[in-house]
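**Student:** Please find one structure pasted underneath; my questions will follow.
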Amino acid sequence: MTIPILNRFINKYDDKQQDILTLIFAYAAVTVLHICIMFLFGWYSVHFAYVIAPVLLILLFSVPLGLGDFFHRHPSLQRLTLIFFNTLVAYFYTETITKYLAPNRIFCWQFLFNIILTYLLYYVFIAITGRFKISLIIVNFLLAAICVTNEALLDLRGRPLFISDFSSMETALNVSGSYHLSLIKLIVIFLIFVFLTAFTILLVQKSEANIEKAGLANRIIAVICIGGMLFVSYGTDLYKNLNIKLTYWSHQNGILLDWIIESRDFRVKVPENYSVKNIEAVRETYTPSDNIKYNGVKPNIIAIMNESFSDLSVVSSFNTDIDYMPFLHAAMAGKYADMTVGNAYTSVYGGNTANSEYEFLTNDSMVLYPQNSVPYQTFLDGKGEISSLVSQVKSLGYSTTSMHPYWASGWNRTNIYSYMGFENQHYLDDMSNIDYIRGYCSDSCDYQKIIELFENRDKNKPFFLFNVTIQNHGGYTNSSYPSTVHLTDYPGQFPQTEQYLSLIRESDKALLGLIEYFRSVKEPTVIIFFGDHQPSVETGFYEKLYGKPFSSLSDEESQRMYMTKYMVWKNFKTAYTNIGDTSVNYLSALVLRMIGMPMTTYQKYLLDMHGNYPIVTAAGVRDKNGNYIPVGKADLSFYKTIVYNHMIDNEKYKRQFFENTYKVNNDYLAENYNVKK
């Protein structure tokens with residue numbers, strides 16, 4: 001049934017023409033309202049009209065040409081037309097809102113594949129429900145929901161929605177309260193899109209009985225078409241041959257096509273020439289430490305992974321009214337002899353914190369894993385015992401404690417930490433008298449808890465603690481937290497960046513306080529501090545630093561956004577005092593060498609590998625001369641074999657390669673920690 005305002009015009013034509021006229025008016029209304037919405041939110045992109053307008057003209061000329069009679073006699077054509085129009089509207093609407101479909105992306109392979117995928121998505125539900133109209137409405141609802149979620153994640157982490165993000169939704173919801181999203185705008189977009197498309201679908205008037213139900217033949221055809229597309233997507237290298245690649249920063253290929261490409265690779269592939277015999281052969285080249293009696297120092301070890309801590313000047317220099325990192329900047333200038341400071345390269349930007357702690361605690365880089373995956377949740381859940389830095393120091397007689405002043409549900413930590421060998425885990429609900437900044441436990445309060453745990457430790461054992469802070473978590477738009485650091489080059493232009501730098505100043509101050517406390521501690525102690533990733537602040541700020549838009553950055557230039565800071569402090573002399581720039585997967589092994597601790601065969605191999613490739617991340621590799629090498633072109637085949645055996649190949653796991661075979665020297669413990677022999 002048509003709406004009354006159209007009846008006067010449409011009723012001038014016979015029944016055979018009215019269906020097509022209804023389509024014309026419906027899609028014309030959708031097009032006009034879409035353009036109005038784009039103008040309203042500043043997102044107007046003329047390419048939407050490039051396709052919709054010509055199609056409307058074709059429909060308009062079909063009336064005097066008498067094609068309405070043809071439509072009337074062929075309801076299957078009505079179905080195809082209705083689905084085709086919805087495909088165009090849905091695709092252009094969603095891709096325009098998400099701001100990824102540039103005009104030069106029309107009439108290319110990406111455009112064609114996305115149209116096909118959207119079209120077939122309708123047919124998936126048609127095959128399931130057997131009804132056309134309800135399937136179209138359901139799919140439109142889902143596409144709109146995907147767009148809203150995508151926009152929300154862009155605000156949360158500065159990157160779009162990937163399939164792998166669904167495995168970490170619980171963690172995202174844990175911290176979503178800090179993000180002041182434009183929820184009203186997103187909800188308005190969601191409702192308008194769903195309403196417009198549902199309005200169009202339900203408006204078709206005369207042949208409702210004919211086009212409502214999908215017969216067996218239509219469902220069989222749908223299954224065949226879907227199967228064909230799945231074969232092309234997963235059984236061939238067509239996308240690779242057409243040079244269609246997944247990008248981390250945007251869905252420049254279209255959301256559905258990028259998801260297909262991602263899902264193809266969302267598994268850990270067996271490395272080329274994989275053989276455990278190679279691992280055993282390498283192990284035999286290193287001196288075993290089983291019978292070595294180590295009488296050196298076993299210092300207390302405190303490792304702190306600070307949320308989003310980085311010095312953004314690694315991208316390019318900028319000026320502020322006050323120093324946002326005075327303590328570490330002074331350390332970098334050589335003011336403190338007991339501190340080593342450098343750049344730590346990570347595999348993540350703006351989120352996926354758990355991947356940086358995974359690299360630090362296991363020595364495994366993310367180079368083997370699919371882009372955007374989180375091993376804690378995707379590959380290690382249910383694995384059982386995991387050889388790590390934690391189990392290593394535990395075997396040397398250390399007590400092992402983890403601490404994170406936020407909810408325990410994030411990133412499946414409670415399970416993974418148990419697998420790694422943490423004896424004690426502390427989370428937000430274990431803390432009292434918390435000092436909050438933007439609703440998060442402050443670093444200063446966090447470090448007071450570290451001091452409390454240290455003072456109440458088991459003094460019969462050396463102390464190991466791994467701490468993940470929360471103060472600087474993303475969402476730098478909290479109006480209740482005034483910025484104390486301001487960008488003098490860009491006054492008032494980037495409030496998120498200024499709030500972030502103000503938080504970093506607080507972190508720097510808190511770190512100084514922690515170091516000052518431990519300078520009064522007589523027991524040998526080492527503190528390792530590093531950032532998990534750079535923050536997701538305004539894209540415009542990064543583009544100012546680079547002097548060019550994100551879209552024109554090379555992979556080598558982009559790697560600067562994967563740089564954070566590390567600091568090592570110790571209150572005793574060591575043979576090694578310098579580490580230099582490195583990646584997070586090496587950091588714990590390098591510190592163990594610095595302080596003279598026993599090492600696993602794996603860590604000994606890593607130190608040799610570090611000489612050739614001091615930086616190995618999923619964002620790229622750098623050789624000893626500082627040259628950038630894409631991950632796929634670096635000679636990492638044996639390293640990938642090791643990582644695969646370490647975490648994936650449970651059946652052929654070479655335990656002795658990864659675990660500390662050194663036996664605890666009770667003479668040393670008795671002398672230094674009052675342990676009875």
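In the structure tokens, the first chain shown is A, the next is B, and so on; residue numbers restart at 1 for each chain, and ligands run from 1 in the order shown.
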Would you list the contacts of stretch 398-401 of chain A as a PyMOL selection string, taking every protein, DNA or RNA residue within 7 Å and counting only C-alpha atoms, but skipping same-chain residues closer than 5 positions in sequence?
**Tutor:** chain A and resi 390+393+422-425+461-466
**Student:** Stretch 433-487 of chain A near stretch 529-544 of chain A within 10 Å: what's each residue's closest atom pair and its distance in Å to one decimal, counting only C-alpha atoms, ordered by chain then ascending residue number, as a Markdown table?
**Tutor:**
```
| residue | atom | partner | partner_atom | distance |
| --- | --- | --- | --- | --- |
| A:Asn467 | CA | A:Phe529 | CA | 9.4 |
| A:Val468 | CA | A:Asp532 | CA | 9.1 |
| A:Thr469 | CA | A:Gly531 | CA | 9.6 |
| A:Asn472 | CA | A:Pro535 | CA | 8.5 |
| A:His473 | CA | A:Pro535 | CA | 8.0 |
| A:Gly474 | CA | A:Pro535 | CA | 6.5 |
| A:Gly475 | CA | A:Ser536 | CA | 8.0 |
| A:Tyr476 | CA | A:Val537 | CA | 7.3 |
| A:Thr477 | CA | A:Val537 | CA | 9.6 |
```
**Student:** Counting only C-alpha atoms, which residue out of A:Tyr605, A:Ile302, A:His426, A:Thr525 sits closest to A:Thr574?
**Tutor:**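 Ranked by minimum distance to A:Thr574, first place goes to A:Thr525.
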**Student:** Using only C-alpha atoms, find the one residue out of A:Gly130, A:Gly580, A:Gly596, A:Gly382 that sits nearest to A:Ile615.
**Tutor:**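 That would be A:Gly580, the residue with the smallest distance to A:Ile615.
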**Student:** Looking only at the backbone, which of the residues in stretch 447-528 of chain A does DSSP tag as strand (DSSP E or B), as a list in words?
**Tutor:** Phe463, Phe464, Leu465, Phe466, Asn467, Val468, Leu487, Thr525, Val526, Ile527 and Ile528 of chain A
**Student:** Counting only C-alpha atoms, what are the residues of stretch 565-589 of chain A within 9 Å of stretch 347-358 of chain A, and for each of them which pair of atoms is the nearest and at what distance in Å, to one decimal? Sort the table by chain and rising number, as CSV.
**Tutor:**
```
residue,atom,partner,partner_atom,distance
A:Ser583,CA,A:Ser347,CA,8.7
A:Val584,CA,A:Ser356,CA,6.9
A:Asn585,CA,A:Ser356,CA,8.1
```
**Student:** Using Å and a single decimal, report how far atom CA of A:Ser588 sits from atom CA of A:Tyr517.
**Tutor:**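 According to the coordinates, atom CA of A:Tyr517 and atom CA of A:Ser588 are separated by 22.9 Å.
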**Student:** Using only C-alpha atoms for the distances, tell me which of A:Ser310, A:Gly421, A:Met594, A:Val341 is nearest to A:Tyr576.
**Tutor:**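 Among A:Ser310, A:Gly421, A:Met594, A:Val341, it is A:Met594 that comes nearest to A:Tyr576.
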**Student:** State, in Å with one decimal place, the distance from atom CA of A:Gly492 to atom CA of A:Tyr324.
**Tutor:**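 Taking atom CA of A:Gly492 and atom CA of A:Tyr324, their separation equals 16.8 Å.
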**Student:** For A:Phe657, list every protein, DNA or RNA residue within 6 Å, evaluated using only C-alpha atoms, and leave out those in the same chain fewer than 2 positions away; present the list as a list in words.
**Tutor:**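 Near neighbours after the sequence-gap exclusion: Thr601, Tyr602, Lys654 and Arg655 of chain A.
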**Student:** Name the residues of stretch 358-564 of chain A that fall into alpha helix (DSSP H) according to DSSP on the backbone, using the chain letters and numbers of this document, as a ChimeraX atom specification.
**Tutor:** /A:358-362,375-378,389-395,413-420,443-455,495-518,539-546,555-558
